[in-house]
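Structure file target-v2.cif (mmCIF, C-alpha atoms and all ligand atoms) follows.
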```
data_target
loop_
_atom_site.label_atom_id
_atom_site.label_comp_id
_atom_site.auth_asym_id
_atom_site.auth_seq_id
_atom_site.Cartn_x
_atom_site.Cartn_y
_atom_site.Cartn_z
CA MET A 30 -6.00 6.08 -27.60
CA ARG A 31 -7.33 3.31 -25.36
CA THR A 32 -5.45 0.37 -23.89
CA GLN A 33 -5.88 -2.10 -21.05
CA VAL A 34 -2.71 -1.22 -19.12
CA ALA A 35 -0.75 2.04 -19.45
CA ILE A 36 2.83 1.62 -18.23
CA ILE A 37 5.03 4.60 -17.41
CA GLY A 38 8.75 3.88 -17.71
CA ALA A 39 10.76 1.50 -19.90
CA GLY A 40 13.18 0.20 -17.30
CA PRO A 41 13.38 -3.50 -16.45
CA ALA A 42 10.05 -3.24 -14.56
CA GLY A 43 7.98 -1.52 -17.28
CA LEU A 44 9.39 -3.46 -20.24
CA LEU A 45 9.15 -6.87 -18.60
CA LEU A 46 5.61 -6.22 -17.36
CA SER A 47 4.53 -5.18 -20.84
CA HIS A 48 6.02 -8.40 -22.23
CA LEU A 49 4.49 -10.67 -19.56
CA LEU A 50 1.07 -9.06 -20.18
CA HIS A 51 1.47 -9.59 -23.93
CA LEU A 52 2.16 -13.31 -23.32
CA ASN A 53 -1.17 -13.45 -21.47
CA GLY A 54 -3.02 -11.63 -24.27
CA ILE A 55 -3.28 -8.33 -22.34
CA GLU A 56 -2.64 -5.10 -24.24
CA SER A 57 -0.40 -2.35 -22.90
CA VAL A 58 1.31 0.88 -23.95
CA VAL A 59 4.72 1.84 -22.51
CA LEU A 60 5.71 5.52 -22.25
CA GLU A 61 9.41 6.35 -21.79
CA SER A 62 10.86 9.83 -21.41
CA ARG A 63 14.31 8.94 -22.74
CA SER A 64 15.41 7.70 -26.17
CA ARG A 65 15.89 4.03 -27.04
CA ALA A 66 19.63 4.61 -27.51
CA ASP A 67 19.85 6.22 -24.07
CA ILE A 68 18.07 3.46 -22.12
CA GLU A 69 20.06 0.81 -23.99
CA ALA A 70 23.37 2.43 -23.03
CA THR A 71 22.83 3.40 -19.37
CA ILE A 72 25.16 1.39 -17.12
CA ARG A 73 23.47 0.13 -13.96
CA ALA A 74 23.09 -3.15 -12.13
CA GLY A 75 24.80 -6.41 -13.04
CA VAL A 76 23.57 -9.33 -10.95
CA LEU A 77 20.53 -11.50 -11.69
CA GLU A 78 19.25 -13.93 -9.09
CA GLN A 79 18.27 -17.41 -10.19
CA GLY A 80 14.58 -16.48 -9.76
CA SER A 81 15.01 -13.47 -12.09
CA MET A 82 16.77 -15.66 -14.66
CA ASP A 83 13.90 -18.15 -14.46
CA ILE A 84 11.34 -15.38 -15.06
CA LEU A 85 13.28 -14.00 -18.06
CA ASN A 86 13.74 -17.52 -19.49
CA GLU A 87 10.05 -18.40 -19.08
CA ALA A 88 9.14 -15.12 -20.79
CA GLY A 89 11.29 -16.15 -23.78
CA VAL A 90 13.80 -13.31 -23.39
CA GLY A 91 16.63 -15.23 -21.71
CA GLU A 92 18.39 -16.71 -24.72
CA ARG A 93 21.24 -14.16 -24.97
CA MET A 94 21.52 -14.00 -21.17
CA GLN A 95 22.11 -17.76 -21.10
CA ARG A 96 24.67 -17.51 -23.88
CA GLU A 97 26.55 -14.37 -22.84
CA GLY A 98 25.87 -14.04 -19.11
CA ALA A 99 28.37 -15.50 -16.67
CA LEU A 100 26.99 -18.03 -14.21
CA HIS A 101 28.63 -17.57 -10.78
CA HIS A 102 28.49 -20.19 -8.05
CA GLY A 103 30.18 -18.18 -5.32
CA ILE A 104 31.30 -14.75 -4.13
CA GLU A 105 34.28 -13.72 -2.05
CA LEU A 106 34.38 -11.57 1.06
CA ALA A 107 37.76 -9.85 1.50
CA PHE A 108 38.92 -8.35 4.79
CA GLY A 109 42.05 -8.24 6.92
CA GLY A 110 44.21 -9.05 3.86
CA ARG A 111 42.43 -12.38 3.21
CA ARG A 112 39.71 -13.59 0.89
CA HIS A 113 36.99 -16.01 1.98
CA ARG A 114 34.72 -17.81 -0.48
CA ILE A 115 30.98 -18.04 0.11
CA ASP A 116 29.91 -21.13 -1.82
CA LEU A 117 26.52 -19.91 -3.02
CA THR A 118 25.62 -23.10 -4.87
CA GLY A 119 27.02 -25.47 -2.25
CA LEU A 120 25.04 -23.70 0.46
CA THR A 121 21.78 -23.02 -1.39
CA GLY A 122 21.71 -25.13 -4.58
CA LYS A 123 21.33 -21.89 -6.54
CA ALA A 124 23.55 -19.55 -8.54
CA ILE A 125 23.53 -16.00 -9.91
CA THR A 126 24.25 -14.67 -13.38
CA VAL A 127 26.29 -11.56 -14.08
CA TYR A 128 24.52 -9.99 -17.05
CA PRO A 129 24.33 -6.20 -17.24
CA GLN A 130 21.02 -4.41 -16.86
CA HIS A 131 21.39 -2.57 -20.18
CA GLU A 132 21.67 -5.94 -21.96
CA VAL A 133 18.41 -7.02 -20.28
CA ILE A 134 16.90 -3.76 -21.56
CA ILE A 135 18.20 -4.41 -25.10
CA ASP A 136 16.66 -7.91 -25.06
CA LEU A 137 13.31 -6.69 -23.72
CA VAL A 138 13.02 -3.77 -26.16
CA ALA A 139 13.79 -6.14 -29.06
CA ALA A 140 11.14 -8.61 -27.84
CA ARG A 141 8.51 -5.85 -27.46
CA ILE A 142 9.23 -4.45 -30.91
CA LYS A 143 9.23 -7.92 -32.52
CA ALA A 144 5.81 -8.60 -30.96
CA GLY A 145 4.46 -5.28 -32.29
CA GLY A 146 4.24 -3.81 -28.77
CA ALA A 147 3.40 -0.13 -28.32
CA LEU A 148 6.54 1.50 -26.94
CA LEU A 149 6.75 5.29 -27.15
CA PHE A 150 10.17 6.85 -26.52
CA GLU A 151 10.95 10.50 -25.75
CA THR A 152 7.54 11.26 -24.29
CA SER A 153 7.29 14.35 -22.09
CA LYS A 154 4.84 16.07 -19.73
CA VAL A 155 3.37 12.76 -18.57
CA GLU A 156 0.44 13.35 -16.19
CA LEU A 157 -2.00 10.93 -14.59
CA SER A 158 -5.62 11.56 -13.67
CA GLY A 159 -8.65 9.58 -12.54
CA ILE A 160 -6.75 6.85 -10.72
CA ASP A 161 -9.61 6.60 -8.21
CA GLY A 162 -12.13 5.81 -10.95
CA SER A 163 -12.40 2.80 -13.26
CA SER A 164 -10.85 4.53 -16.26
CA PRO A 165 -7.68 6.42 -15.42
CA ARG A 166 -6.08 8.63 -18.05
CA VAL A 167 -2.49 9.47 -18.94
CA THR A 168 -1.78 12.63 -20.91
CA PHE A 169 1.60 13.37 -22.47
CA GLU A 170 3.44 14.87 -25.42
CA HIS A 171 5.04 12.80 -28.15
CA ASP A 172 6.57 14.03 -31.41
CA GLY A 173 5.46 17.54 -30.48
CA GLN A 174 1.80 16.52 -30.17
CA ALA A 175 -0.43 16.41 -27.10
CA ARG A 176 -1.82 12.89 -26.65
CA SER A 177 -3.81 10.92 -24.13
CA ILE A 178 -4.40 7.29 -23.24
CA GLU A 179 -7.37 5.90 -21.37
CA ALA A 180 -6.67 2.62 -19.63
CA ASP A 181 -8.11 0.17 -17.11
CA PHE A 182 -4.94 0.42 -15.02
CA VAL A 183 -1.86 2.64 -14.84
CA ILE A 184 1.47 1.17 -13.73
CA GLY A 185 4.09 3.53 -12.31
CA ALA A 186 7.37 1.85 -13.34
CA ASP A 187 9.10 5.20 -13.75
CA GLY A 188 11.90 4.86 -11.24
CA PHE A 189 12.61 6.81 -8.07
CA HIS A 190 12.26 10.29 -9.63
CA GLY A 191 9.16 9.51 -11.69
CA VAL A 192 5.75 11.16 -11.65
CA SER A 193 3.71 8.18 -10.42
CA ARG A 194 4.54 7.86 -6.73
CA PRO A 195 3.66 11.50 -5.93
CA MET A 196 0.15 10.75 -7.30
CA ILE A 197 -0.51 8.67 -4.18
CA PRO A 198 -1.63 11.29 -1.67
CA GLU A 199 0.76 11.69 1.26
CA THR A 200 -2.12 10.97 3.64
CA GLN A 201 -2.53 7.53 2.02
CA ARG A 202 1.09 6.44 1.99
CA GLN A 203 4.04 6.13 4.28
CA ASP A 204 7.57 6.68 3.02
CA TYR A 205 10.44 5.02 4.89
CA GLN A 206 13.90 6.31 4.10
CA ARG A 207 17.56 6.13 5.03
CA ILE A 208 20.27 8.05 3.19
CA TYR A 209 23.85 6.77 3.58
CA PRO A 210 26.78 9.13 4.10
CA PHE A 211 28.70 7.56 1.20
CA GLY A 212 28.29 6.65 -2.46
CA TRP A 213 29.95 4.33 -4.96
CA PHE A 214 32.45 5.41 -7.58
CA GLY A 215 31.91 2.98 -10.48
CA ILE A 216 34.25 2.41 -13.42
CA LEU A 217 34.31 0.28 -16.55
CA VAL A 218 37.74 -1.02 -17.52
CA GLU A 219 39.15 -2.72 -20.59
CA SER A 220 40.95 -5.73 -19.11
CA PRO A 221 40.56 -9.45 -18.53
CA PRO A 222 38.82 -10.44 -15.25
CA SER A 223 41.00 -10.29 -12.13
CA SER A 224 38.91 -12.93 -10.37
CA ASP A 225 36.50 -15.72 -11.35
CA GLU A 226 34.00 -14.48 -8.77
CA LEU A 227 32.80 -11.13 -7.43
CA ILE A 228 34.88 -9.78 -4.54
CA TYR A 229 33.21 -7.68 -1.82
CA ALA A 230 36.08 -6.04 0.07
CA ARG A 231 35.92 -4.36 3.48
CA HIS A 232 38.87 -2.07 4.17
CA GLU A 233 39.62 0.79 6.57
CA ARG A 234 39.98 3.08 3.51
CA GLY A 235 36.49 2.09 2.40
CA PHE A 236 34.57 -0.64 0.61
CA ALA A 237 35.51 -1.92 -2.86
CA LEU A 238 33.75 -4.33 -5.23
CA VAL A 239 35.32 -6.28 -8.06
CA SER A 240 32.70 -7.30 -10.61
CA THR A 241 32.77 -8.10 -14.29
CA ARG A 242 30.91 -7.43 -17.52
CA SER A 243 32.58 -9.72 -20.06
CA PRO A 244 35.91 -11.48 -20.69
CA THR A 245 37.28 -8.10 -21.86
CA VAL A 246 35.39 -5.52 -19.75
CA GLN A 247 35.41 -5.28 -15.94
CA ARG A 248 33.18 -3.35 -13.54
CA LEU A 249 34.79 -2.01 -10.35
CA TYR A 250 33.39 0.13 -7.55
CA LEU A 251 34.84 1.95 -4.56
CA GLN A 252 33.17 3.70 -1.65
CA CYS A 253 33.45 7.48 -1.97
CA ASP A 254 31.92 10.74 -0.82
CA PRO A 255 28.56 11.00 -2.63
CA ARG A 256 29.17 14.74 -3.24
CA ASP A 257 32.58 14.14 -4.82
CA SER A 258 33.14 14.78 -8.52
CA VAL A 259 34.63 12.29 -10.99
CA ASP A 260 37.00 15.10 -12.03
CA ASN A 261 38.78 14.73 -8.68
CA TRP A 262 39.66 11.13 -9.51
CA SER A 263 42.60 10.62 -11.89
CA ASP A 264 43.10 7.09 -13.19
CA ASP A 265 46.20 6.79 -10.96
CA ARG A 266 44.21 7.74 -7.87
CA ILE A 267 41.47 5.23 -8.73
CA TRP A 268 43.96 2.39 -9.20
CA SER A 269 45.91 3.18 -6.08
CA GLU A 270 42.68 3.16 -3.98
CA LEU A 271 41.43 -0.03 -5.60
CA HIS A 272 44.77 -1.79 -5.04
CA ALA A 273 44.94 -0.65 -1.41
CA ARG A 274 41.39 -1.80 -0.66
CA THR A 275 41.58 -5.18 -2.37
CA GLU A 276 45.16 -6.07 -1.44
CA SER A 277 45.58 -9.66 -0.37
CA ASP A 278 48.28 -11.44 1.65
CA ASP A 279 48.51 -14.22 -0.96
CA GLY A 280 49.91 -11.81 -3.56
CA TRP A 281 46.70 -11.60 -5.63
CA LYS A 282 46.52 -8.30 -7.48
CA LEU A 283 43.85 -6.50 -9.44
CA LYS A 284 44.54 -6.28 -13.19
CA GLU A 285 44.63 -2.73 -14.53
CA GLY A 286 43.40 -1.54 -17.91
CA ARG A 287 42.02 1.48 -19.75
CA ILE A 288 39.23 3.13 -17.75
CA PHE A 289 36.53 4.21 -20.23
CA GLN A 290 33.62 5.14 -17.98
CA LYS A 291 33.39 6.78 -14.55
CA GLY A 292 30.39 7.72 -12.44
CA ILE A 293 29.26 8.30 -8.85
CA ILE A 294 26.00 6.98 -7.40
CA GLY A 295 24.43 8.00 -4.10
CA MET A 296 23.04 5.36 -1.78
CA ARG A 297 19.69 5.20 -0.06
CA SER A 298 17.15 2.79 1.33
CA PHE A 299 13.56 3.76 0.57
CA VAL A 300 10.13 2.12 0.71
CA CYS A 301 6.73 3.59 -0.16
CA ALA A 302 3.79 1.69 1.33
CA PRO A 303 1.28 0.82 0.03
CA MET A 304 2.42 0.33 -3.58
CA ARG A 305 -1.09 1.00 -4.86
CA SER A 306 -3.73 3.71 -4.92
CA GLY A 307 -6.99 2.91 -6.73
CA ARG A 308 -6.10 1.93 -10.29
CA LEU A 309 -2.45 3.04 -9.98
CA PHE A 310 0.12 0.34 -9.09
CA LEU A 311 3.81 1.07 -8.46
CA ALA A 312 6.59 -1.36 -9.40
CA GLY A 313 10.39 -1.36 -9.04
CA ASP A 314 12.38 1.74 -8.08
CA ALA A 315 9.22 3.89 -8.25
CA ALA A 316 8.23 2.21 -4.97
CA HIS A 317 11.51 1.22 -3.36
CA ILE A 318 15.28 1.72 -3.48
CA VAL A 319 18.02 -0.40 -1.96
CA PRO A 320 21.71 0.44 -1.61
CA PRO A 321 23.49 -1.63 -4.29
CA THR A 322 25.62 -3.74 -1.91
CA GLY A 323 23.17 -6.66 -1.96
CA ALA A 324 22.70 -6.51 -5.78
CA LYS A 325 18.92 -6.51 -5.32
CA GLY A 326 17.59 -3.46 -7.25
CA MET A 327 16.91 -5.01 -10.65
CA ASN A 328 15.80 -8.30 -9.05
CA LEU A 329 13.14 -6.56 -6.99
CA ALA A 330 11.84 -4.77 -10.09
CA ILE A 331 11.54 -8.15 -11.83
CA SER A 332 9.78 -9.88 -8.92
CA ASP A 333 7.31 -6.97 -8.49
CA VAL A 334 6.16 -7.18 -12.10
CA LYS A 335 5.88 -10.95 -12.04
CA LEU A 336 3.39 -10.58 -9.18
CA LEU A 337 1.61 -7.75 -10.95
CA ALA A 338 1.37 -9.67 -14.25
CA ASN A 339 -0.24 -12.61 -12.41
CA ALA A 340 -2.65 -10.26 -10.61
CA LEU A 341 -3.70 -8.57 -13.87
CA ASP A 342 -4.06 -11.96 -15.54
CA GLY A 343 -6.45 -13.03 -12.74
CA PHE A 344 -8.46 -9.86 -13.29
CA TYR A 345 -8.81 -10.20 -17.06
CA ARG A 346 -9.19 -13.98 -17.16
CA ARG A 347 -11.47 -14.55 -14.17
CA GLY A 348 -12.66 -11.10 -13.15
CA SER A 349 -10.88 -11.66 -9.83
CA GLU A 350 -9.48 -8.67 -7.91
CA GLU A 351 -7.84 -10.89 -5.31
CA GLY A 352 -4.33 -10.64 -6.77
CA LEU A 353 -4.66 -6.89 -7.28
CA ASP A 354 -5.81 -6.45 -3.69
CA SER A 355 -2.92 -8.45 -2.26
CA TYR A 356 -0.26 -7.10 -4.69
CA SER A 357 1.08 -4.40 -2.39
CA SER A 358 1.34 -6.55 0.75
CA ASP A 359 2.75 -9.54 -1.20
CA ALA A 360 5.37 -7.38 -2.94
CA LEU A 361 6.29 -5.51 0.24
CA LYS A 362 7.07 -8.74 2.10
CA ARG A 363 9.87 -9.48 -0.36
CA VAL A 364 10.85 -5.82 -0.60
CA TRP A 365 11.39 -5.50 3.16
CA ARG A 366 13.52 -8.64 3.28
CA ALA A 367 15.68 -7.25 0.47
CA GLU A 368 15.78 -3.88 2.26
CA PHE A 369 17.05 -5.68 5.35
CA PHE A 370 19.70 -7.64 3.44
CA SER A 371 20.91 -4.62 1.45
CA TRP A 372 21.15 -2.50 4.60
CA TRP A 373 22.93 -5.34 6.45
CA MET A 374 25.49 -5.93 3.66
CA THR A 375 26.08 -2.16 3.44
CA ARG A 376 26.63 -1.87 7.19
CA LEU A 377 28.84 -4.97 7.22
CA LEU A 378 31.20 -3.85 4.47
CA HIS A 379 31.46 -0.05 4.42
CA THR A 380 33.57 2.28 6.51
CA PHE A 381 31.43 4.63 8.58
CA GLU A 382 33.42 7.73 9.43
CA GLU A 383 31.63 8.16 12.75
CA ALA A 384 32.22 4.52 13.83
CA SER A 385 34.15 4.19 17.08
CA PRO A 386 37.22 1.89 17.33
CA PHE A 387 34.93 -0.56 19.19
CA GLU A 388 32.38 -0.56 16.36
CA ARG A 389 35.13 -1.15 13.78
CA GLN A 390 36.38 -4.21 15.66
CA VAL A 391 32.84 -5.55 16.03
CA GLN A 392 32.31 -5.13 12.27
CA LEU A 393 35.41 -7.26 11.63
CA ALA A 394 34.27 -9.81 14.20
CA GLU A 395 30.92 -10.09 12.43
CA LEU A 396 32.73 -10.84 9.16
CA GLU A 397 34.93 -13.43 10.93
CA ASN A 398 31.78 -15.01 12.35
CA ILE A 399 30.11 -15.21 8.95
CA VAL A 400 33.01 -16.91 7.22
CA ALA A 401 33.60 -19.27 10.17
CA SER A 402 29.99 -20.36 10.51
CA ARG A 403 28.17 -22.48 7.98
CA ALA A 404 24.86 -21.24 9.37
CA LEU A 405 25.75 -17.56 8.94
CA SER A 406 27.36 -18.13 5.51
CA THR A 407 24.20 -19.95 4.46
CA ALA A 408 22.02 -17.06 5.62
CA LEU A 409 24.11 -14.64 3.56
CA ALA A 410 24.07 -16.97 0.54
CA GLU A 411 20.29 -17.53 0.74
CA ASN A 412 19.65 -13.81 0.77
CA TYR A 413 22.16 -13.12 -2.00
CA VAL A 414 20.76 -15.68 -4.45
CA GLY A 415 17.16 -14.89 -3.42
CA ALA A 416 16.49 -18.44 -2.25
CA PHE A 417 13.08 -17.74 -0.72
P1 LIG B 501 14.41 2.29 -13.86
O1 LIG B 501 15.43 1.36 -14.39
O2 LIG B 501 14.87 3.53 -13.17
O3 LIG B 501 13.44 2.68 -15.04
C1 LIG B 501 12.51 3.72 -14.97
C2 LIG B 501 12.34 4.31 -16.35
O4 LIG B 501 11.30 5.29 -16.29
C3 LIG B 501 13.59 5.05 -16.83
O5 LIG B 501 13.97 4.56 -18.10
C4 LIG B 501 13.16 6.51 -16.86
O6 LIG B 501 13.77 7.22 -17.92
C5 LIG B 501 11.66 6.40 -17.06
N1 LIG B 501 10.91 7.58 -16.57
C6 LIG B 501 11.11 8.29 -15.44
N2 LIG B 501 10.20 9.27 -15.33
C7 LIG B 501 9.40 9.18 -16.42
C8 LIG B 501 8.29 9.91 -16.87
N3 LIG B 501 7.82 10.95 -16.17
N4 LIG B 501 7.71 9.57 -18.03
C9 LIG B 501 8.17 8.50 -18.74
N5 LIG B 501 9.24 7.75 -18.36
C10 LIG B 501 9.84 8.09 -17.21
N6 LIG B 501 21.25 -1.85 -8.63
C11 LIG B 501 22.08 -2.84 -8.33
O7 LIG B 501 21.61 -3.87 -7.85
N7 LIG B 501 23.44 -2.71 -8.58
C12 LIG B 501 23.97 -1.57 -9.15
O8 LIG B 501 25.16 -1.48 -9.37
C13 LIG B 501 23.11 -0.53 -9.46
N8 LIG B 501 23.59 0.61 -10.01
C14 LIG B 501 22.73 1.62 -10.26
C15 LIG B 501 23.21 2.82 -10.79
C16 LIG B 501 22.36 3.90 -11.03
C17 LIG B 501 22.92 5.18 -11.59
C18 LIG B 501 20.99 3.76 -10.70
C19 LIG B 501 20.05 4.92 -10.92
C20 LIG B 501 20.51 2.56 -10.21
C21 LIG B 501 21.36 1.48 -9.97
N9 LIG B 501 20.89 0.27 -9.46
C22 LIG B 501 21.73 -0.71 -9.18
C23 LIG B 501 19.50 0.00 -9.23
C24 LIG B 501 18.85 -0.72 -10.40
O9 LIG B 501 19.45 -0.32 -11.60
C25 LIG B 501 17.37 -0.38 -10.35
O10 LIG B 501 16.85 -0.99 -9.17
C26 LIG B 501 16.55 -0.81 -11.56
O11 LIG B 501 16.91 -0.04 -12.67
C27 LIG B 501 15.05 -0.66 -11.28
O12 LIG B 501 14.31 -0.81 -12.46
P2 LIG B 501 12.99 0.03 -12.72
O13 LIG B 501 12.47 -0.47 -14.02
O14 LIG B 501 12.13 -0.04 -11.52
O15 LIG B 501 13.44 1.55 -12.80
C1 LIG B 502 27.29 -5.21 -9.52
C2 LIG B 502 26.58 -4.29 -8.82
C3 LIG B 502 26.24 -4.53 -7.51
O1 LIG B 502 25.54 -3.65 -6.82
C4 LIG B 502 26.61 -5.71 -6.89
O2 LIG B 502 26.29 -5.91 -5.59
C5 LIG B 502 27.31 -6.65 -7.61
C6 LIG B 502 27.66 -6.39 -8.92
C7 LIG B 502 27.66 -4.93 -10.91
O3 LIG B 502 27.32 -3.84 -11.39
O4 LIG B 502 28.31 -5.76 -11.54
#
```
Exercise: express the given structure as structure tokens:
Amino acid sequence: MRTQVAIIGAGPAGLLLSHLLHLNGIESVVLESRSRADIEATIRAGVLEQGSMDILNEAGVGERMQREGALHHGIELAFGGRRHRIDLTGLTGKAITVYPQHEVIIDLVAARIKAGGALLFETSKVELSGIDGSSPRVTFEHDGQARSIEADFVIGADGFHGVSRPMIPETQRQDYQRIYPFGWFGILVESPPSSDELIYARHERGFALVSTRSPTVQRLYLQCDPRDSVDNWSDDRIWSELHARTESDDGWKLKEGRIFQKGIIGMRSFVCAPMRSGRLFLAGDAAHIVPPTGAKGMNLAISDVKLLANALDGFYRRGSEEGLDSYSSDALKRVWRAEFFSWWMTRLLHTFEEASPFERQVQLAELENIVASRALSTALAENYVGAF
């Protein structure tokens, strides 16, 4: 098989890139190790920046997002028993949409299939070769058969644990990493929303986040030990922690409901630079990871592939390698700003066991400063909505 662009991974990065290329008349094949049902059901991120919404709308895959997603104009920071609104739209003119990542995946898969796109699920033994030459090759197994694809370019959109990043020799790349000593316990709950806006709560017992999925399903998180097991968390224990951490002096209370999904995610910051080696380009989590506190993961994947789609368009339309040559440095500029914001929000809102009493008071003072200062609130809001 031969194609112009071979894409490894059908996450938001791989699927959207394939669709953007298609809109520019560029052919691609997407290889995914999991099944369609599996990728369409995996619960992950929930927040889309305005820029991500614009990209999905322009690509013609935003119709259901506009109809079913919830537009949010603010978020709340909760600490010291009080909630403080950050007026995202008032401060930046922009908003965010809460629309779950698996719904974005469902929309993108449907669009690729409708357009006759080549999307191979349940592939295994994916290997890359020849990325330093002009015709790299991907070999893999599909339906029990050994197959291979020759392409002009290979895109590693296969997430943090994929096979692409290790193809960039260690001597050619630098990995930057920070692992946090805590994770998030995430649940899905059958209940009406407790709040019109997301609540990011800082509490001595640990961070908590109140988010939503729909008028009948809510998404809640609480800081936990990343090595803990969901089996240690009864529903009663989860509710009592969530109530304690989100408690408010004005009597506001979280609404309970049936918990139907539980999971623990670890948290890390990671960047691989450069995001390219020869004819191999990395996009999304394959190249970088942020802790989820800033809600940036899916948005970075989307902005990477928008850059990459433009660069590949320049190559095929005008024979220009300029966009390909600047892809890594252009993408990394945005990536590092999101790394900063995600690290800063994480540090601002989580309980660090080793923090001294002084550091805990300074953390609270920083929060007080943010909500008291229009300048600092604006800086938070600009980063959160991706106003740059
Ligand atoms: P992915 O979505 O990881 O997609 C990569 C795809 O490649 C996967 O479908 C994988 O199966 C496939 N793949 C891997 N290896 C191979 C291979 N060898 N061959 C073929 N296919 C392969 N971000 C937030 O902002 N908020 C959150 O709450 C949040 N929660 C998360 C929870 C979890 C459990 C995880 C893992 C991530 C979470 N994220 C969150 C991050 C966000 O979901 C990611 O940033 C986003 O999915 C990145 O998209 P991607 O397309 O780059 O990678
Ligand atoms: C969600 C996840 C996040 O990481 C975040 O910062 C906000 C919302 C969510 O899953 O809804």
Judged by all atoms listed in the file, the minimum distance to ligand LIG 502 (chain B) among A:Arg114, A:Arg31, A:Arg207, A:Lys325 is found for A:Lys325
Surrounding residues of His113 in chain A excluding itself and chain neighbours under 4 positions, 12 Å, only C-alpha atoms, as JSON, numbers by chain
{"A": [103, 104, 105, 106, 107, 108, 109, 226, 227, 228, 229, 230, 231, 277, 396, 397, 398, 399, 400, 401, 402, 406]}
Practice problem: May I have the residues within 6 Å of range 118-130 of chain A as a list in words, using only C-alpha atoms and disregarding those fewer than 4 positions away in the same chain? | Solution: Arg73, Ala74, Gly75, Val76, Leu77, Glu78, Gln79, Gly98, Ala99, Leu100, His101, His102 and Thr407 of chain A
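Atom C10 of ligand LIG 501 (chain B) is found 19.1 Å from CA of Gln33 in chain A.
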Sorted by chain and rising residue number, list the residues of chain A at most 6 Å from ligand LIG 502 (chain B) (counting all atoms listed in the file), each with its closest atom pair and distance in Å to one decimal, as a tab-separated table.
```
residue	atom	partner	partner_atom	distance
A:Ala74	CA	B:LIG502	O3	4.3
A:Gly75	CA	B:LIG502	C7	3.9
A:Val76	CA	B:LIG502	C6	5.4
A:Ser240	CA	B:LIG502	O4	4.7
A:Thr241	CA	B:LIG502	O4	5.7
A:Arg248	CA	B:LIG502	O4	5.8
A:Pro321	CA	B:LIG502	O1	3.8
A:Thr322	CA	B:LIG502	O2	4.3
A:Gly323	CA	B:LIG502	O2	4.8
A:Ala324	CA	B:LIG502	O2	3.6
```
- Message: With distances taken over only C-alpha atoms, which residue among A:Ile115, A:Ile135, A:Glu87, A:Glu69 lies nearest Leu405 in chain A?
- Response: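 Among the listed residues, A:Ile115 lies closest to Leu405 in chain A.
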Cut-off 7 Å: closest chain A/ligand LIG 501 (chain B) atom pairs per residue, using only C-alpha atoms and all ligand atoms, as a tab-separated table:
```
residue	atom	partner	partner_atom	distance
A:Ile37	CA	B:LIG501	C9	5.2
A:Gly38	CA	B:LIG501	O4	3.2
A:Ala39	CA	B:LIG501	O5	4.8
A:Gly40	CA	B:LIG501	O3	3.4
A:Pro41	CA	B:LIG501	O13	4.0
A:Ala42	CA	B:LIG501	O13	3.7
A:Gly43	CA	B:LIG501	O13	5.6
A:Leu60	CA	B:LIG501	C9	5.2
A:Glu61	CA	B:LIG501	N5	3.7
A:Ser62	CA	B:LIG501	C9	4.0
A:Arg63	CA	B:LIG501	O6	5.1
A:Ile68	CA	B:LIG501	O5	5.8
A:Ile72	CA	B:LIG501	C15	6.8
A:Arg73	CA	B:LIG501	N8	4.0
A:Ala74	CA	B:LIG501	C12	3.5
A:Gly75	CA	B:LIG501	N7	6.0
A:Val76	CA	B:LIG501	O7	6.6
A:Gln130	CA	B:LIG501	O9	6.8
A:Thr152	CA	B:LIG501	C9	6.2
A:Ser153	CA	B:LIG501	N4	6.3
A:Lys154	CA	B:LIG501	N3	6.9
A:Val155	CA	B:LIG501	N3	5.4
A:Ala186	CA	B:LIG501	O14	5.4
A:Asp187	CA	B:LIG501	O4	3.4
A:Gly188	CA	B:LIG501	O2	3.8
A:Phe189	CA	B:LIG501	O2	6.5
A:His190	CA	B:LIG501	N2	6.1
A:Gly191	CA	B:LIG501	N2	3.8
A:Val192	CA	B:LIG501	N3	5.0
A:Ile294	CA	B:LIG501	C17	5.5
A:Ala312	CA	B:LIG501	O14	6.1
A:Gly313	CA	B:LIG501	O14	3.3
A:Asp314	CA	B:LIG501	O14	3.9
A:Ala315	CA	B:LIG501	O14	5.9
A:Ile318	CA	B:LIG501	O10	6.5
A:Pro321	CA	B:LIG501	N7	4.4
A:Gly323	CA	B:LIG501	O7	6.7
A:Ala324	CA	B:LIG501	O7	3.5
A:Lys325	CA	B:LIG501	O7	4.5
A:Gly326	CA	B:LIG501	O10	3.2
A:Met327	CA	B:LIG501	O10	4.3
A:Ala330	CA	B:LIG501	O14	4.9
```
(Q) For range 376-388 of chain A, find every residue with an atom within 10 Å (counting all atoms listed in the file), except residues of its own chain fewer than 3 positions away, and show them as a ChimeraX atom specification. (A) /A:106-108,209-211,229-237,251-253,322,370-373,391-396
*Using all atoms listed in the file, find the one residue out of A:Leu46, A:Ala139, A:Val167, A:Ala180 that sits nearest to Thr32 in chain A.*
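Checking each of A:Leu46, A:Ala139, A:Val167, A:Ala180 against Thr32 in chain A, counting all atoms listed in the file, the winner is A:Ala180.
Of the residues under consideration (A:Arg166, A:Arg366, A:Arg112, A:His48), A:His48 shows the shortest atom-to-atom contact distance to Arg141 in chain A when counting only C-alpha atoms.
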Between CA of Ser193 in chain A and CA of Gly215 in chain A, what is the distance, to one decimal in Å?
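Value for the CA of Ser193 in chain A-CA of Gly215 in chain A distance: 28.7 Å.
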I need the residue nearest Asp359 in chain A from this list: A:Leu52, A:Pro303, A:Asp116, A:Arg403. Use only C-alpha atoms for the distance.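 Residue with the minimum atom-to-atom distance to Asp359 in chain A: A:Pro303.
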